[in-house]
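Here the structure comes first, spelled out in structure tokens, and everything after it is commentary.
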Amino acid sequence: MPGSLSILKLAMLRPLLAALALLFVFAQPATAQISFKPTAEAVQEDKLLNALKEGDKISGRVSIPDGNAANLIQPAGRDWRDFHRSKLPWIGGISILGMIAVLAIFLMVRGRIRVQHGFSGRTILRFSSFERFVHWLTASCFIVLALSGLNVSFGRILILPLFGPDAFAAMSAWAKLAHNYLAFPFMLGVAIMFLIWIKNNIPGKLDIEWIKQGGGLLSNGRHPPAKRFNAGQKGIFWIVVIGGTLMSVSGWFLLFPYLPGNVTALQLWTVTHAVIAMLFIAVMLAHIYIGSVGMEGAFDAMGTGEVDLNWAQEHHALWVQEEQAKAGTAADRPARAVPAE
Amino acid sequence: MKSFVAALAFAVVAAVGVAMVLNTIQEPSSVAFTTTGARVGDPGHNLIGPS
């Protein structure tokens, strides 16, 4: 009986052993498949990258002096690249082309703003030679910086197909050098403009009235009183000072990319630099328009420095009164008192 | 016009001056970001070279 019992047990175990054997046969290749299947690993890597938060990095260890070279993967860099390739051109295109369109419509509807009483033939000094020097220093640098900067965002799309790769590469290399080094006289110009014009650009109650009347830009014959700078010009001043400062600080970090300390901060500064640049260019287009084509007699202020007295009385009546009062006071003094202009 | 021309001239002179100063006080990337053991004699004109 014990023998028959053993045979019975063996008979019962056979299917179990067979099942175990089959399990090993099928299970072993499956385990191997999971370990080495590259597509499965790629899915896991993608989950890992998505799990990393903004600014997180996968870093290694390096022995070279550049510690940032240890960063192997920084997922936020994909967002940054996407911003530069897709969003920034839209921001720039809409703001710059939009401003050009607005100015063109304004010119068609309003026309050129004329000197209402015509030129008097008498002039008054509006800007000294030093003030004009600083203005043109900043302006000329700004134009080169703007064009060379736009080349970074739009050159590949607009200029490369026209010039070809060799000419485009050479032009871009020179443009980059000009951008890097003309940034310094631009920063100097913004700083000096701030110092010499801050006293005339403090906002006041008069500016609110000027804004309420739309600066007299929308209707003929109405000129709200203004001192040396009206609210619009004060707005331009503060945009140049604040925008120029932000461009300078962010540009400084781009010029010396190891100052921000890490690549995430550097990406933030490049985005800041690019977005402000686009808006800055759009605003400056309006400034250039109203200082040249848009308003008769306005360019003389930065051209020769002297503007027609009628122009000055229409647009800066209070400033003319102040200047004439100064000149009158000076004329009353004996000997050395000579009006400047 | 004189102010404009003077501003252009100053901008160019200032830019060239800054370039010369920076080139003097800064190390080339081929020196700054390598240790002496990995430094090559003539790095050429590629990404790690002088330009």
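Starting from 1 in every chain, residues are counted up; chains themselves are A, B, ... following the order of the structure tokens, and ligands are numbered from 1 as listed.
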Distance table requested - chain B against chain A, cut-off 7 Å, only C-alpha atoms: one row per qualifying residue with the closest atom pair and its distance in Å to one decimal, ordered by chain and rising residue number, as a tab-separated table.
```
residue	atom	partner	partner_atom	distance
B:Met1	CA	A:Gly303	CA	6.5
B:Ser3	CA	A:Phe133	CA	4.6
B:Phe4	CA	A:Trp136	CA	5.6
B:Ala6	CA	A:Phe133	CA	6.9
B:Ala7	CA	A:Leu137	CA	4.5
B:Leu8	CA	A:Leu137	CA	6.3
B:Ala11	CA	A:Pro185	CA	5.7
B:Ala14	CA	A:Pro185	CA	6.1
B:Ala15	CA	A:Tyr181	CA	4.8
B:Val18	CA	A:Tyr181	CA	6.6
B:Ala19	CA	A:Tyr181	CA	6.3
B:Phe33	CA	A:Pro65	CA	5.2
B:Thr34	CA	A:Ile64	CA	5.6
B:Thr35	CA	A:Ile64	CA	6.0
```
Pick out each residue of stretch 225-312 of chain A that DSSP on the backbone tags as alpha helix (DSSP H); I need them as an MDAnalysis selection string.
chainID A and resid 231:255 263:290 300:303 309:312
May I ask for the distance between atom CA of A:Gly60 and atom CA of A:Leu268, given in Å to one decimal place?
22.9 Å
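The interatomic distance for the pair atom CA of A:His273 and atom CA of A:Phe194 works out to 20.2 Å.
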I need the strand (DSSP E) residues of stretch 65-266 of chain A per DSSP on the backbone, written as a list in words.
Asn71, Leu72, Ile73, Thr123, Ile124 and Leu125 of chain A
Mind giving me the straight-line distance from atom CA of A:Asn151 to atom CA of A:Asp166 in Å, one decimal?
15.0 Å
A:Val241: which residues within 7 Å, counting only C-alpha atoms, same-chain residues fewer than 3 positions away excluded, as a PyMOL selection string?
chain A and resi 190+194+237-238+244-245
Take the residues just selected and output them with N, CA, C and O atoms as an mmCIF file, in the first residue's frame.
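What follows is the written file result.cif:
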```cif
data_model
loop_
_atom_site.group_PDB
_atom_site.id
_atom_site.type_symbol
_atom_site.label_atom_id
_atom_site.label_comp_id
_atom_site.auth_asym_id
_atom_site.auth_seq_id
_atom_site.Cartn_x
_atom_site.Cartn_y
_atom_site.Cartn_z
ATOM 1 N N VAL A 190 21.837 105.351 -21.606
ATOM 2 C CA VAL A 190 20.619 105.277 -20.782
ATOM 3 C C VAL A 190 20.889 105.886 -19.401
ATOM 4 O O VAL A 190 20.073 106.649 -18.867
ATOM 5 N N PHE A 194 19.103 109.294 -17.968
ATOM 6 C CA PHE A 194 18.376 109.284 -16.688
ATOM 7 C C PHE A 194 18.825 110.458 -15.815
ATOM 8 O O PHE A 194 17.994 111.185 -15.256
ATOM 9 N N PHE A 237 10.326 108.425 -21.705
ATOM 10 C CA PHE A 237 11.513 108.505 -20.844
ATOM 11 C C PHE A 237 11.557 107.325 -19.873
ATOM 12 O O PHE A 237 12.585 106.650 -19.749
ATOM 13 N N TRP A 238 10.421 107.074 -19.207
ATOM 14 C CA TRP A 238 10.426 106.009 -18.195
ATOM 15 C C TRP A 238 10.495 104.629 -18.832
ATOM 16 O O TRP A 238 11.063 103.695 -18.250
ATOM 17 N N GLY A 244 15.384 100.029 -20.541
ATOM 18 C CA GLY A 244 16.826 99.992 -20.781
ATOM 19 C C GLY A 244 17.571 99.341 -19.629
ATOM 20 O O GLY A 244 18.542 98.601 -19.837
ATOM 21 N N THR A 245 17.111 99.606 -18.404
ATOM 22 C CA THR A 245 17.763 98.987 -17.243
ATOM 23 C C THR A 245 17.555 97.472 -17.244
ATOM 24 O O THR A 245 18.501 96.704 -17.016
#
```
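Between A:Ile288 and the residues A:Phe229, A:Ile236, A:Leu145, A:Arg126, the shortest atom-to-atom distance, using only C-alpha atoms, involves A:Ile236.
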So that I can check the surroundings of A:Asn230, please list as a count of residues only every protein, DNA and RNA residue that reaches within 9 Å of it, counting only C-alpha atoms and ignoring chain neighbours fewer than 2 positions away.
16
Pick from A:Val240, A:Ile113, A:Leu255, A:Leu107, whichever lies nearest to A:Val283 using only C-alpha atoms:
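Nearest to A:Val283: A:Val240.
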Which residues are near A:Leu259? Cut-off 12 Å, only C-alpha atoms, ignore same chain within fewer than 4 positions. Put them as a ChimeraX atom specification.
/A:68,249-255,263,265-266,269
Write to file, as a compact mmCIF listing (two decimals), in the first residue's frame, the residues of the selection just made, with N, CA and C atoms.
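Writing done, so here's result_12.txt:
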```txt
# COMPACT_ATOMS: atom_id res chain seq x y z
N ASN A 68 28.94 73.79 -14.48
CA ASN A 68 27.66 73.66 -15.17
C ASN A 68 27.66 72.54 -16.21
N VAL A 249 20.50 94.79 -17.45
CA VAL A 249 20.76 93.76 -16.43
C VAL A 249 20.68 92.36 -17.06
N SER A 250 19.60 92.13 -17.82
CA SER A 250 19.46 90.81 -18.45
C SER A 250 20.57 90.57 -19.47
N GLY A 251 20.91 91.63 -20.22
CA GLY A 251 21.99 91.51 -21.20
C GLY A 251 23.34 91.25 -20.56
N TRP A 252 23.53 91.83 -19.39
CA TRP A 252 24.78 91.61 -18.66
C TRP A 252 24.93 90.13 -18.31
N PHE A 253 23.82 89.52 -17.90
CA PHE A 253 23.86 88.10 -17.58
C PHE A 253 24.06 87.23 -18.82
N LEU A 254 23.60 87.72 -19.96
CA LEU A 254 23.83 86.96 -21.21
C LEU A 254 25.27 87.12 -21.67
N LEU A 255 25.83 88.32 -21.43
CA LEU A 255 27.23 88.53 -21.81
C LEU A 255 28.17 87.71 -20.93
N VAL A 263 21.75 77.33 -14.97
CA VAL A 263 21.18 77.46 -16.32
C VAL A 263 19.72 77.89 -16.26
N ALA A 265 18.33 80.07 -14.16
CA ALA A 265 18.31 81.53 -14.04
C ALA A 265 18.70 82.18 -15.36
N LEU A 266 19.66 81.58 -16.04
CA LEU A 266 20.09 82.13 -17.33
C LEU A 266 18.94 82.09 -18.35
N TRP A 269 16.60 84.91 -17.68
CA TRP A 269 17.11 86.21 -18.16
C TRP A 269 17.03 86.32 -19.68
```
